[in-house]
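File shown here: my_file.cif, holding mmCIF, C-alpha atoms.
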```
data_upload
#
loop_
_atom_site.group_PDB
_atom_site.id
_atom_site.type_symbol
_atom_site.label_atom_id
_atom_site.label_comp_id
_atom_site.auth_asym_id
_atom_site.auth_seq_id
_atom_site.Cartn_x
_atom_site.Cartn_y
_atom_site.Cartn_z
ATOM 1 C CA MET A 1 -3.086 17.003 29.524
ATOM 2 C CA ASP A 2 -4.597 20.388 28.717
ATOM 3 C CA PRO A 3 -5.758 20.538 25.076
ATOM 4 C CA ASN A 4 -6.804 24.203 25.022
ATOM 5 C CA PRO A 5 -5.569 26.347 22.111
ATOM 6 C CA ARG A 6 -3.240 28.462 24.253
ATOM 7 C CA THR A 7 -1.445 25.366 25.562
ATOM 8 C CA ILE A 8 -1.138 23.945 22.054
ATOM 9 C CA ARG A 9 0.285 27.177 20.639
ATOM 10 C CA SER A 10 2.792 27.273 23.491
ATOM 11 C CA LEU A 11 3.908 23.716 22.733
ATOM 12 C CA VAL A 12 4.223 24.445 19.027
ATOM 13 C CA SER A 13 6.360 27.497 19.759
ATOM 14 C CA LYS A 14 8.748 25.234 21.674
ATOM 15 C CA LEU A 15 9.356 23.125 18.549
ATOM 16 C CA SER A 16 11.706 25.889 17.378
ATOM 17 C CA SER A 17 13.417 26.264 20.750
ATOM 18 C CA VAL A 18 17.201 26.208 20.983
ATOM 19 C CA SER A 19 16.757 23.709 23.804
ATOM 20 C CA GLU A 20 16.661 20.145 22.500
ATOM 21 C CA ALA A 21 14.979 18.980 25.707
ATOM 22 C CA ALA A 22 12.196 21.533 25.225
ATOM 23 C CA ARG A 23 11.674 20.437 21.617
ATOM 24 C CA ILE A 24 11.546 16.761 22.554
ATOM 25 C CA ASP A 25 9.083 17.337 25.384
ATOM 26 C CA ALA A 26 6.812 19.548 23.273
ATOM 27 C CA LEU A 27 6.703 17.052 20.405
ATOM 28 C CA SER A 28 5.977 14.180 22.775
ATOM 29 C CA GLN A 29 3.018 16.082 24.220
ATOM 30 C CA LEU A 30 1.722 17.031 20.766
ATOM 31 C CA ARG A 31 1.892 13.382 19.726
ATOM 32 C CA LEU A 32 -0.295 12.373 22.669
ATOM 33 C CA MET A 33 -2.714 15.246 22.094
ATOM 34 C CA SER A 34 -3.131 14.462 18.404
ATOM 35 C CA LYS A 35 -3.842 10.847 19.294
ATOM 36 C CA GLN A 36 -6.139 11.277 22.277
ATOM 37 C CA SER A 37 -7.961 14.466 21.269
ATOM 38 C CA PRO A 38 -8.754 14.633 17.537
ATOM 39 C CA GLU A 39 -10.186 18.125 17.974
ATOM 40 C CA THR A 40 -6.665 19.404 18.682
ATOM 41 C CA ARG A 41 -5.335 18.425 15.243
ATOM 42 C CA PRO A 42 -6.565 21.526 13.359
ATOM 43 C CA ILE A 43 -5.221 23.760 16.124
ATOM 44 C CA ILE A 44 -1.819 22.080 15.963
ATOM 45 C CA ALA A 45 -1.704 22.598 12.201
ATOM 46 C CA GLN A 46 -2.950 26.170 12.341
ATOM 47 C CA ALA A 47 -0.303 26.994 14.937
ATOM 48 C CA GLY A 48 2.362 26.165 12.333
ATOM 49 C CA ALA A 49 3.587 22.836 13.714
ATOM 50 C CA ILE A 50 3.720 20.807 10.497
ATOM 51 C CA PRO A 51 7.007 22.168 9.046
ATOM 52 C CA TYR A 52 8.796 21.673 12.377
ATOM 53 C CA ILE A 53 7.427 18.151 12.789
ATOM 54 C CA ALA A 54 8.463 17.245 9.251
ATOM 55 C CA GLU A 55 11.962 18.636 9.830
ATOM 56 C CA THR A 56 12.298 16.418 12.903
ATOM 57 C CA LEU A 57 12.083 13.349 10.664
ATOM 58 C CA TYR A 58 15.682 14.134 9.663
ATOM 59 C CA SER A 59 16.815 13.895 13.283
ATOM 60 C CA SER A 60 19.363 11.241 14.227
ATOM 61 C CA SER A 61 17.418 10.626 17.427
ATOM 62 C CA HIS A 62 15.129 7.611 17.089
ATOM 63 C CA PRO A 63 12.662 8.776 19.787
ATOM 64 C CA SER A 64 12.332 12.135 18.017
ATOM 65 C CA GLN A 65 11.814 10.418 14.644
ATOM 66 C CA GLU A 66 9.153 8.207 16.175
ATOM 67 C CA ASP A 67 7.281 11.087 17.822
ATOM 68 C CA ALA A 68 7.396 13.146 14.626
ATOM 69 C CA ALA A 69 6.266 10.307 12.341
ATOM 70 C CA ALA A 70 3.478 9.253 14.691
ATOM 71 C CA THR A 71 2.245 12.848 15.009
ATOM 72 C CA LEU A 72 2.133 13.258 11.225
ATOM 73 C CA LEU A 73 0.185 10.006 11.001
ATOM 74 C CA ASN A 74 -2.301 11.256 13.583
ATOM 75 C CA LEU A 75 -2.714 14.557 11.743
ATOM 76 C CA SER A 76 -3.151 12.794 8.393
ATOM 77 C CA ILE A 77 -6.311 11.087 9.580
ATOM 78 C CA THR A 78 -8.257 14.352 9.460
ATOM 79 C CA LEU A 79 -5.883 16.938 7.966
ATOM 80 C CA LYS A 80 -4.780 15.593 4.602
ATOM 81 C CA GLU A 81 -4.753 18.904 2.721
ATOM 82 C CA PRO A 82 -2.533 20.788 5.196
ATOM 83 C CA LEU A 83 0.030 17.980 5.079
ATOM 84 C CA MET A 84 0.000 17.671 1.296
ATOM 85 C CA SER A 85 0.267 21.430 0.810
ATOM 86 C CA THR A 86 3.140 21.951 3.248
ATOM 87 C CA ARG A 87 6.444 22.092 1.426
ATOM 88 C CA GLY A 88 8.895 19.378 2.382
ATOM 89 C CA VAL A 89 6.508 16.969 4.104
ATOM 90 C CA LEU A 90 6.625 14.275 1.423
ATOM 91 C CA ASP A 91 10.395 14.665 1.082
ATOM 92 C CA ALA A 92 10.817 14.193 4.839
ATOM 93 C CA ILE A 93 8.612 11.097 4.768
ATOM 94 C CA ALA A 94 10.645 9.809 1.823
ATOM 95 C CA HIS A 95 13.834 10.331 3.833
ATOM 96 C CA VAL A 96 12.590 8.178 6.696
ATOM 97 C CA ILE A 97 11.318 5.385 4.447
ATOM 98 C CA SER A 98 14.414 5.373 2.235
ATOM 99 C CA HIS A 99 16.660 4.811 5.260
ATOM 100 C CA HIS A 100 14.516 1.967 6.603
ATOM 101 C CA HIS A 101 17.485 -0.408 6.715
ATOM 102 C CA THR A 102 20.062 2.043 8.095
ATOM 103 C CA THR A 103 19.448 5.165 10.181
ATOM 104 C CA SER A 104 15.658 5.300 10.489
ATOM 105 C CA SER A 105 13.828 3.964 13.502
ATOM 106 C CA PRO A 106 11.597 0.976 12.557
ATOM 107 C CA PRO A 107 8.512 2.475 14.284
ATOM 108 C CA ALA A 108 9.115 5.753 12.418
ATOM 109 C CA VAL A 109 9.312 3.887 9.103
ATOM 110 C CA GLN A 110 6.061 2.085 9.879
ATOM 111 C CA SER A 111 4.298 5.345 10.772
ATOM 112 C CA ALA A 112 5.651 7.026 7.638
ATOM 113 C CA ALA A 113 4.367 4.224 5.398
ATOM 114 C CA ALA A 114 1.027 4.350 7.194
ATOM 115 C CA THR A 115 0.886 8.109 6.642
ATOM 116 C CA ILE A 116 1.248 7.631 2.875
ATOM 117 C CA HIS A 117 -1.670 5.213 2.891
ATOM 118 C CA SER A 118 -3.721 7.543 5.078
ATOM 119 C CA LEU A 119 -3.095 10.531 2.783
ATOM 120 C CA LEU A 120 -4.163 8.538 -0.288
ATOM 121 C CA SER A 121 -7.071 6.650 1.242
ATOM 122 C CA SER A 122 -9.795 9.045 0.156
ATOM 123 C CA VAL A 123 -8.365 11.788 -2.105
ATOM 124 C CA ASP A 124 -7.763 10.632 -5.678
ATOM 125 C CA SER A 125 -5.928 13.808 -6.690
ATOM 126 C CA TYR A 126 -3.086 13.109 -4.257
ATOM 127 C CA ARG A 127 -2.191 9.768 -5.883
ATOM 128 C CA PRO A 128 -0.356 11.181 -8.915
ATOM 129 C CA VAL A 129 1.499 13.587 -6.634
ATOM 130 C CA VAL A 130 2.810 10.838 -4.384
ATOM 131 C CA GLY A 131 3.342 8.519 -7.359
ATOM 132 C CA SER A 132 5.684 11.093 -8.901
ATOM 133 C CA LYS A 133 7.895 10.875 -5.809
ATOM 134 C CA ARG A 134 10.031 8.004 -7.038
ATOM 135 C CA GLU A 135 12.014 7.849 -3.798
ATOM 136 C CA ILE A 136 8.835 7.070 -1.879
ATOM 137 C CA VAL A 137 7.679 4.416 -4.348
ATOM 138 C CA TYR A 138 11.114 2.803 -4.609
ATOM 139 C CA SER A 139 11.586 2.742 -0.836
ATOM 140 C CA LEU A 140 8.189 1.160 -0.189
ATOM 141 C CA ILE A 141 9.081 -1.543 -2.719
ATOM 142 C CA ASP A 142 12.499 -1.964 -1.105
ATOM 143 C CA ILE A 143 10.822 -2.664 2.233
ATOM 144 C CA LEU A 144 9.143 -5.633 0.529
ATOM 145 C CA ARG A 145 12.483 -6.782 -0.884
ATOM 146 C CA CYS A 146 13.893 -6.742 2.642
ATOM 147 C CA HIS A 147 10.870 -8.562 4.064
ATOM 148 C CA LEU A 148 12.997 -10.922 6.142
ATOM 149 C CA SER A 149 14.294 -7.973 8.168
ATOM 150 C CA SER A 150 11.240 -5.718 7.930
ATOM 151 C CA PRO A 151 8.648 -5.874 10.745
ATOM 152 C CA PRO A 152 5.336 -7.441 9.613
ATOM 153 C CA ARG A 153 3.369 -4.304 10.421
ATOM 154 C CA THR A 154 5.714 -2.197 8.285
ATOM 155 C CA ILE A 155 5.325 -4.644 5.392
ATOM 156 C CA LYS A 156 1.536 -4.458 5.640
ATOM 157 C CA ASP A 157 1.523 -0.661 5.785
ATOM 158 C CA SER A 158 3.906 -0.509 2.822
ATOM 159 C CA LEU A 159 1.595 -2.802 0.855
ATOM 160 C CA LYS A 160 -1.393 -0.621 1.727
ATOM 161 C CA ALA A 161 0.511 2.475 0.600
ATOM 162 C CA LEU A 162 1.533 0.795 -2.666
ATOM 163 C CA PHE A 163 -2.040 -0.335 -3.262
ATOM 164 C CA ALA A 164 -3.257 3.248 -2.854
ATOM 165 C CA ILE A 165 -0.533 4.502 -5.194
ATOM 166 C CA ALA A 166 -1.440 1.855 -7.792
ATOM 167 C CA LEU A 167 -5.063 3.003 -7.851
ATOM 168 C CA HIS A 168 -3.850 5.801 -10.149
ATOM 169 C CA PRO A 169 -3.217 4.006 -13.481
ATOM 170 C CA ILE A 170 -0.166 6.048 -14.521
ATOM 171 C CA ASN A 171 1.612 5.105 -11.294
ATOM 172 C CA ARG A 172 1.544 1.414 -12.197
ATOM 173 C CA SER A 173 4.227 1.772 -14.867
ATOM 174 C CA THR A 174 6.417 3.654 -12.380
ATOM 175 C CA MET A 175 5.993 0.857 -9.859
ATOM 176 C CA ILE A 176 6.890 -1.755 -12.466
ATOM 177 C CA ASN A 177 9.960 0.182 -13.594
ATOM 178 C CA LEU A 178 11.105 0.391 -9.969
ATOM 179 C CA GLY A 179 10.890 -3.375 -9.496
ATOM 180 C CA ALA A 180 7.513 -3.881 -7.840
ATOM 181 C CA VAL A 181 6.583 -7.088 -9.684
ATOM 182 C CA PRO A 182 9.490 -9.336 -8.624
ATOM 183 C CA ALA A 183 9.371 -7.903 -5.090
ATOM 184 C CA LEU A 184 5.662 -8.670 -4.767
ATOM 185 C CA PHE A 185 5.904 -12.194 -6.153
ATOM 186 C CA SER A 186 8.913 -12.929 -3.954
ATOM 187 C CA LEU A 187 6.867 -11.814 -0.953
ATOM 188 C CA VAL A 188 3.988 -14.100 -1.929
ATOM 189 C CA LEU A 189 6.303 -17.082 -2.389
ATOM 190 C CA LYS A 190 8.566 -16.601 0.613
ATOM 191 C CA ASP A 191 6.426 -15.011 3.312
ATOM 192 C CA GLY A 192 3.374 -17.234 3.504
ATOM 193 C CA ARG A 193 1.397 -15.327 6.167
ATOM 194 C CA VAL A 194 -2.223 -15.128 5.042
ATOM 195 C CA GLY A 195 -2.640 -11.394 5.614
ATOM 196 C CA ILE A 196 0.616 -10.541 3.845
ATOM 197 C CA VAL A 197 -0.234 -12.754 0.854
ATOM 198 C CA GLU A 198 -3.711 -11.247 0.617
ATOM 199 C CA ASP A 199 -2.354 -7.705 0.634
ATOM 200 C CA ALA A 200 0.493 -8.503 -1.780
ATOM 201 C CA THR A 201 -1.854 -10.117 -4.301
ATOM 202 C CA ALA A 202 -4.148 -7.104 -4.062
ATOM 203 C CA VAL A 203 -1.264 -4.887 -5.188
ATOM 204 C CA ILE A 204 -0.315 -7.404 -7.890
ATOM 205 C CA ALA A 205 -3.878 -7.240 -9.230
ATOM 206 C CA GLN A 206 -3.701 -3.456 -9.489
ATOM 207 C CA VAL A 207 -0.256 -3.405 -11.086
ATOM 208 C CA ALA A 208 -1.439 -5.991 -13.644
ATOM 209 C CA GLY A 209 -3.756 -3.359 -15.055
ATOM 210 C CA CYS A 210 -1.249 -1.675 -17.381
ATOM 211 C CA GLU A 211 0.498 -2.597 -20.626
ATOM 212 C CA ASP A 212 3.948 -2.780 -19.026
ATOM 213 C CA ALA A 213 2.698 -5.530 -16.728
ATOM 214 C CA VAL A 214 2.658 -8.141 -19.493
ATOM 215 C CA ASP A 215 6.444 -8.182 -19.940
ATOM 216 C CA ALA A 216 7.065 -7.685 -16.225
ATOM 217 C CA PHE A 217 4.959 -10.706 -15.308
ATOM 218 C CA ARG A 218 6.739 -12.793 -17.946
ATOM 219 C CA LYS A 219 10.138 -11.813 -16.536
ATOM 220 C CA ALA A 220 9.102 -12.468 -12.957
ATOM 221 C CA SER A 221 9.894 -16.072 -12.140
ATOM 222 C CA GLY A 222 6.640 -17.845 -12.966
ATOM 223 C CA GLY A 223 4.409 -14.862 -12.242
ATOM 224 C CA VAL A 224 1.322 -16.196 -13.990
ATOM 225 C CA GLY A 225 2.090 -19.668 -12.672
ATOM 226 C CA VAL A 226 2.171 -18.332 -9.107
ATOM 227 C CA LEU A 227 -1.275 -16.821 -9.585
ATOM 228 C CA ALA A 228 -2.525 -20.110 -11.051
ATOM 229 C CA ASP A 229 -1.105 -22.007 -8.071
ATOM 230 C CA LEU A 230 -2.930 -19.692 -5.674
ATOM 231 C CA LEU A 231 -6.166 -20.602 -7.458
ATOM 232 C CA ASP A 232 -5.514 -24.328 -7.118
ATOM 233 C CA LEU A 233 -7.843 -25.525 -4.377
ATOM 234 C CA ALA A 234 -5.068 -27.745 -3.064
ATOM 235 C CA THR A 235 -3.147 -24.665 -1.883
ATOM 236 C CA ALA A 236 -6.015 -23.669 0.430
ATOM 237 C CA ALA A 237 -5.562 -19.966 -0.310
ATOM 238 C CA SER A 238 -8.081 -17.610 1.256
ATOM 239 C CA MET A 239 -11.031 -16.393 -0.796
ATOM 240 C CA ARG A 240 -9.567 -12.885 -0.813
ATOM 241 C CA THR A 241 -6.300 -14.179 -2.217
ATOM 242 C CA LYS A 242 -8.127 -16.148 -4.893
ATOM 243 C CA GLU A 243 -10.213 -13.111 -5.841
ATOM 244 C CA ASN A 244 -7.034 -11.068 -6.171
ATOM 245 C CA ALA A 245 -5.441 -13.750 -8.346
ATOM 246 C CA VAL A 246 -8.518 -13.782 -10.588
ATOM 247 C CA SER A 247 -8.426 -9.995 -10.824
ATOM 248 C CA ALA A 248 -4.724 -10.017 -11.700
ATOM 249 C CA LEU A 249 -5.132 -12.600 -14.469
ATOM 250 C CA LEU A 250 -8.155 -10.799 -15.870
ATOM 251 C CA ASN A 251 -6.328 -7.462 -15.878
ATOM 252 C CA LEU A 252 -3.382 -9.060 -17.682
ATOM 253 C CA VAL A 253 -5.679 -10.502 -20.339
ATOM 254 C CA ARG A 254 -7.508 -7.198 -20.753
ATOM 255 C CA CYS A 255 -4.236 -5.332 -21.267
ATOM 256 C CA GLY A 256 -2.466 -7.959 -23.354
ATOM 257 C CA GLY A 257 -5.272 -9.178 -25.590
ATOM 258 C CA ASP A 258 -5.491 -12.548 -27.345
ATOM 259 C CA LYS A 259 -1.777 -13.312 -27.119
ATOM 260 C CA VAL A 260 -1.744 -12.955 -23.353
ATOM 261 C CA ALA A 261 -5.028 -14.833 -23.060
ATOM 262 C CA ALA A 262 -3.409 -17.733 -24.916
ATOM 263 C CA ASP A 263 -0.352 -17.599 -22.651
ATOM 264 C CA VAL A 264 -2.517 -17.592 -19.534
ATOM 265 C CA ARG A 265 -4.634 -20.422 -20.919
ATOM 266 C CA ASP A 266 -1.489 -22.497 -21.386
ATOM 267 C CA VAL A 267 -0.441 -22.021 -17.767
ATOM 268 C CA VAL A 268 -3.789 -22.338 -16.033
ATOM 269 C CA ALA A 269 -4.507 -26.016 -15.309
ATOM 270 C CA PHE A 270 -7.657 -27.768 -14.156
ATOM 271 C CA GLY A 271 -6.856 -27.102 -10.513
ATOM 272 C CA ALA A 272 -6.780 -23.376 -11.134
ATOM 273 C CA LEU A 273 -10.009 -23.596 -13.093
ATOM 274 C CA ASP A 274 -11.637 -25.126 -10.038
ATOM 275 C CA GLY A 275 -10.373 -22.170 -8.005
ATOM 276 C CA ILE A 276 -11.784 -19.693 -10.501
ATOM 277 C CA ALA A 277 -15.117 -21.551 -10.345
ATOM 278 C CA ASP A 278 -14.937 -21.384 -6.548
ATOM 279 C CA VAL A 279 -14.618 -17.595 -6.724
ATOM 280 C CA ARG A 280 -17.406 -17.418 -9.316
ATOM 281 C CA ASP A 281 -19.713 -19.386 -7.043
ATOM 282 C CA GLY A 282 -18.727 -18.188 -3.588
ATOM 283 C CA GLY A 283 -16.811 -14.929 -3.827
ATOM 284 C CA SER A 284 -17.877 -11.321 -3.380
ATOM 285 C CA VAL A 285 -20.123 -9.728 -5.987
ATOM 286 C CA LYS A 286 -17.144 -8.193 -7.786
ATOM 287 C CA GLY A 287 -15.167 -11.394 -7.417
ATOM 288 C CA LYS A 288 -17.964 -13.468 -8.909
ATOM 289 C CA ASN A 289 -18.284 -11.186 -11.912
ATOM 290 C CA LYS A 290 -14.536 -11.151 -12.600
ATOM 291 C CA ALA A 291 -14.261 -14.922 -12.203
ATOM 292 C CA ALA A 292 -17.137 -15.482 -14.634
ATOM 293 C CA GLU A 293 -15.506 -13.174 -17.184
ATOM 294 C CA LEU A 294 -12.103 -14.821 -16.773
ATOM 295 C CA MET A 295 -13.620 -18.273 -17.096
ATOM 296 C CA LYS A 296 -15.256 -17.337 -20.386
ATOM 297 C CA VAL A 297 -11.994 -15.920 -21.725
ATOM 298 C CA LEU A 298 -9.960 -18.952 -20.773
ATOM 299 C CA LEU A 299 -12.452 -21.591 -21.830
ATOM 300 C CA GLY A 300 -13.392 -19.862 -25.041
ATOM 301 C CA GLN A 301 -17.072 -20.704 -25.302
ATOM 302 C CA ASN A 302 -20.357 -21.270 -23.537
ATOM 303 C CA ASN A 303 -22.904 -23.983 -24.191
ATOM 304 C CA GLY A 304 -26.086 -22.694 -22.669
ATOM 305 C CA ASP A 305 -25.352 -22.358 -18.998
ATOM 306 C CA VAL A 306 -22.552 -24.906 -19.122
ATOM 307 C CA VAL A 307 -19.003 -23.787 -19.850
ATOM 308 C CA VAL A 308 -17.253 -26.301 -22.065
ATOM 309 C CA PHE A 309 -13.511 -26.854 -21.657
ATOM 310 C CA ASN A 310 -11.822 -27.488 -25.004
ATOM 311 C CA SER A 311 -9.539 -30.491 -24.929
ATOM 312 C CA ASP A 312 -6.814 -28.548 -26.771
ATOM 313 C CA THR A 313 -6.857 -25.799 -24.702
ATOM 314 C CA CYS A 314 -9.170 -20.609 -17.677
ATOM 315 C CA SER A 315 -8.948 -7.306 -6.328
ATOM 316 C CA SER A 316 -9.852 -6.970 -3.339
ATOM 317 C CA PHE A 317 -7.783 -5.267 -0.654
ATOM 318 C CA GLY A 318 -8.390 -5.351 3.058
ATOM 319 C CA SER A 319 -9.829 -2.447 4.934
ATOM 320 C CA THR A 320 -8.947 0.869 3.335
ATOM 321 C CA ARG A 321 -9.980 2.839 6.383
ATOM 322 C CA ASN A 322 -7.534 5.267 7.895
ATOM 323 C CA HIS A 323 -5.008 3.914 10.362
ATOM 324 C CA ASP A 324 -5.501 4.127 14.067
ATOM 325 C CA SER A 325 -3.560 6.987 15.560
ATOM 326 C CA GLU A 326 -0.234 6.373 17.229
#
```
Could you write out this file's structure as structure tokens?
Amino acid sequence: MDPNPRTIRSLVSKLSSVSEAARIDALSQLRLMSKQSPETRPIIAQAGAIPYIAETLYSSSHPSQEDAAATLLNLSITLKEPLMSTRGVLDAIAHVISHHHTTSSPPAVQSAAATIHSLLSSVDSYRPVVGSKREIVYSLIDILRCHLSSPPRTIKDSLKALFAIALHPINRSTMINLGAVPALFSLVLKDGRVGIVEDATAVIAQVAGCEDAVDAFRKASGGVGVLADLLDLATAASMRTKENAVSALLNLVRCGGDKVAADVRDVVAFGALDGIADVRDGGSVKGKNKAAELMKVLLGQNNGDVVVFNSDTCSSFGSTRNHDSE
């Protein structure tokens, strides 16, 4: 395949052809070029391809949706600003994700969710922009609600996108208002796959870092109890999951103050305390620090180097690198 600029410009010009066959063939070739030859991505964008590719996401043809979504994902790896600044791109991505259970192709939905994560993976200023697109946030959460029918890879990419969105504090309230908390806890309880649980608890830990989380976690069926169970050594949760549970409980206490600390203390049993101690002793540097802080809050006092338990009374996400091209 010839990746020279003249060939690329010719292919891009065919995206507006009256011939559907010509459009399909051109987009298929651009998808391969943007995957196999990263140096072609700026040329594709400069030739004016992005609006046409985004428009193709509205196509009823699944192969065309898939080629368009995969090409946008490939471009997003190195061309975040051109995608974010092109009118209609986020709306087209929202369209694909929002129809994940009806007219959208599953591979296109997965690529669209991955594109959101890719766009937000390294540019903080894009997070409030995407977070203001309620259709995107709601649809990513809805994919979690429909986890029994959603492909595992799409669930993971949706979780990664939601994690990136939640890194902007103001977005957390939006996510809570759109039902993220019950959807996330349901996923943790009903899915069970280690990678999914790790990613879901990472998002839970981020969402816990806002005032609205206190009531949302109370309303979620046993939210704090679920986190405590994950810390119980008997559940054999991964260290990453336990670190996320520690982070979530600590964020809740930080936002809710003494009242929430008392509520958490009532729920957390000795088994969970052992899990917190396990993170304190064997987790990552951040995990150790958070576990030590949570332990102090829940146990109430220190006696030298020994934490004393009163008888009347204790996030990390996976790789945030850009996705492989499609």
Exercise for the section: Could you tell me which residues the PyMOL selection byres ((chain A and resi 239) around 9) grabs in this file, written as a ChimeraX atom specification? Expected result: /A:236-238,240-244,278-279,282-284
request  = Starting from the shown file, work through the PyMOL selection byres ((chain A and resi 121) around 12) and note down what comes out as a PyMOL selection string.
outcome  = chain A and resi 76-78+80+114-120+122-127+160-168+319-323
Shortest contact to Asp212 of chain A, candidates A:Ser132, A:Asn251, A:Ser186, A:Thr235, atoms counted only C-alpha atoms, goes to A:Asn251
Taken to one decimal, the atom CA of Gln65 of chain A-atom CA of Ala112 of chain A distance is 9.9 Å
Show me as an mmCIF file with C-alpha atoms, keeping the file's coordinate frame the residues that reach within 12 Å of (-5.0, 16.8, 21.8), counting only C-alpha atoms and using the file's own coordinates.
```
data_model
loop_
_atom_site.group_PDB
_atom_site.id
_atom_site.type_symbol
_atom_site.label_atom_id
_atom_site.label_comp_id
_atom_site.auth_asym_id
_atom_site.auth_seq_id
_atom_site.Cartn_x
_atom_site.Cartn_y
_atom_site.Cartn_z
ATOM 1 C CA MET A 1 -3.086 17.003 29.524
ATOM 2 C CA ASP A 2 -4.597 20.388 28.717
ATOM 3 C CA PRO A 3 -5.758 20.538 25.076
ATOM 4 C CA ASN A 4 -6.804 24.203 25.022
ATOM 5 C CA PRO A 5 -5.569 26.347 22.111
ATOM 6 C CA THR A 7 -1.445 25.366 25.562
ATOM 7 C CA ILE A 8 -1.138 23.945 22.054
ATOM 8 C CA ARG A 9 0.285 27.177 20.639
ATOM 9 C CA LEU A 11 3.908 23.716 22.733
ATOM 10 C CA LEU A 27 6.703 17.052 20.405
ATOM 11 C CA SER A 28 5.977 14.180 22.775
ATOM 12 C CA GLN A 29 3.018 16.082 24.220
ATOM 13 C CA LEU A 30 1.722 17.031 20.766
ATOM 14 C CA ARG A 31 1.892 13.382 19.726
ATOM 15 C CA LEU A 32 -0.295 12.373 22.669
ATOM 16 C CA MET A 33 -2.714 15.246 22.094
ATOM 17 C CA SER A 34 -3.131 14.462 18.404
ATOM 18 C CA LYS A 35 -3.842 10.847 19.294
ATOM 19 C CA GLN A 36 -6.139 11.277 22.277
ATOM 20 C CA SER A 37 -7.961 14.466 21.269
ATOM 21 C CA PRO A 38 -8.754 14.633 17.537
ATOM 22 C CA GLU A 39 -10.186 18.125 17.974
ATOM 23 C CA THR A 40 -6.665 19.404 18.682
ATOM 24 C CA ARG A 41 -5.335 18.425 15.243
ATOM 25 C CA PRO A 42 -6.565 21.526 13.359
ATOM 26 C CA ILE A 43 -5.221 23.760 16.124
ATOM 27 C CA ILE A 44 -1.819 22.080 15.963
ATOM 28 C CA ALA A 45 -1.704 22.598 12.201
ATOM 29 C CA THR A 71 2.245 12.848 15.009
ATOM 30 C CA ASN A 74 -2.301 11.256 13.583
ATOM 31 C CA LEU A 75 -2.714 14.557 11.743
ATOM 32 C CA SER A 325 -3.560 6.987 15.560
#
```
Here's the selection I'm unsure about, the PyMOL selection byres ((chain A and resi 269-276) around 6); applied to the file above, which residues does it give, as a ChimeraX atom specification? /A:228,231-233,268,277-279,291,314
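Note that the spacing between atom CA of Val12 of chain A and atom CA of Ala49 of chain A amounts to 5.6 Å.
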Residues near segment 202-210 of chain A, anyone? I mean within 9 Å using all atoms listed in the file, not counting same-chain ones fewer than 3 positions away, as an MDAnalysis selection string.
chainID A and resid 159:160 162:164 166:167 169:173 175:176 180:181 184:185 197:199 213:214 217 240:241 243:252 254:256 315:318
Save out the residues we just selected, C-alpha atoms, as an mmCIF file, keeping the file's coordinate frame.
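Dumped everything to result11.cif:
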```cif
data_model
loop_
_atom_site.group_PDB
_atom_site.id
_atom_site.type_symbol
_atom_site.label_atom_id
_atom_site.label_comp_id
_atom_site.auth_asym_id
_atom_site.auth_seq_id
_atom_site.Cartn_x
_atom_site.Cartn_y
_atom_site.Cartn_z
ATOM 1 C CA LEU A 159 1.595 -2.802 0.855
ATOM 2 C CA LYS A 160 -1.393 -0.621 1.727
ATOM 3 C CA LEU A 162 1.533 0.795 -2.666
ATOM 4 C CA PHE A 163 -2.040 -0.335 -3.262
ATOM 5 C CA ALA A 164 -3.257 3.248 -2.854
ATOM 6 C CA ALA A 166 -1.440 1.855 -7.792
ATOM 7 C CA LEU A 167 -5.063 3.003 -7.851
ATOM 8 C CA PRO A 169 -3.217 4.006 -13.481
ATOM 9 C CA ILE A 170 -0.166 6.048 -14.521
ATOM 10 C CA ASN A 171 1.612 5.105 -11.294
ATOM 11 C CA ARG A 172 1.544 1.414 -12.197
ATOM 12 C CA SER A 173 4.227 1.772 -14.867
ATOM 13 C CA MET A 175 5.993 0.857 -9.859
ATOM 14 C CA ILE A 176 6.890 -1.755 -12.466
ATOM 15 C CA ALA A 180 7.513 -3.881 -7.840
ATOM 16 C CA VAL A 181 6.583 -7.088 -9.684
ATOM 17 C CA LEU A 184 5.662 -8.670 -4.767
ATOM 18 C CA PHE A 185 5.904 -12.194 -6.153
ATOM 19 C CA VAL A 197 -0.234 -12.754 0.854
ATOM 20 C CA GLU A 198 -3.711 -11.247 0.617
ATOM 21 C CA ASP A 199 -2.354 -7.705 0.634
ATOM 22 C CA ALA A 213 2.698 -5.530 -16.728
ATOM 23 C CA VAL A 214 2.658 -8.141 -19.493
ATOM 24 C CA PHE A 217 4.959 -10.706 -15.308
ATOM 25 C CA ARG A 240 -9.567 -12.885 -0.813
ATOM 26 C CA THR A 241 -6.300 -14.179 -2.217
ATOM 27 C CA GLU A 243 -10.213 -13.111 -5.841
ATOM 28 C CA ASN A 244 -7.034 -11.068 -6.171
ATOM 29 C CA ALA A 245 -5.441 -13.750 -8.346
ATOM 30 C CA VAL A 246 -8.518 -13.782 -10.588
ATOM 31 C CA SER A 247 -8.426 -9.995 -10.824
ATOM 32 C CA ALA A 248 -4.724 -10.017 -11.700
ATOM 33 C CA LEU A 249 -5.132 -12.600 -14.469
ATOM 34 C CA LEU A 250 -8.155 -10.799 -15.870
ATOM 35 C CA ASN A 251 -6.328 -7.462 -15.878
ATOM 36 C CA LEU A 252 -3.382 -9.060 -17.682
ATOM 37 C CA ARG A 254 -7.508 -7.198 -20.753
ATOM 38 C CA CYS A 255 -4.236 -5.332 -21.267
ATOM 39 C CA GLY A 256 -2.466 -7.959 -23.354
ATOM 40 C CA SER A 315 -8.948 -7.306 -6.328
ATOM 41 C CA SER A 316 -9.852 -6.970 -3.339
ATOM 42 C CA PHE A 317 -7.783 -5.267 -0.654
ATOM 43 C CA GLY A 318 -8.390 -5.351 3.058
#
```
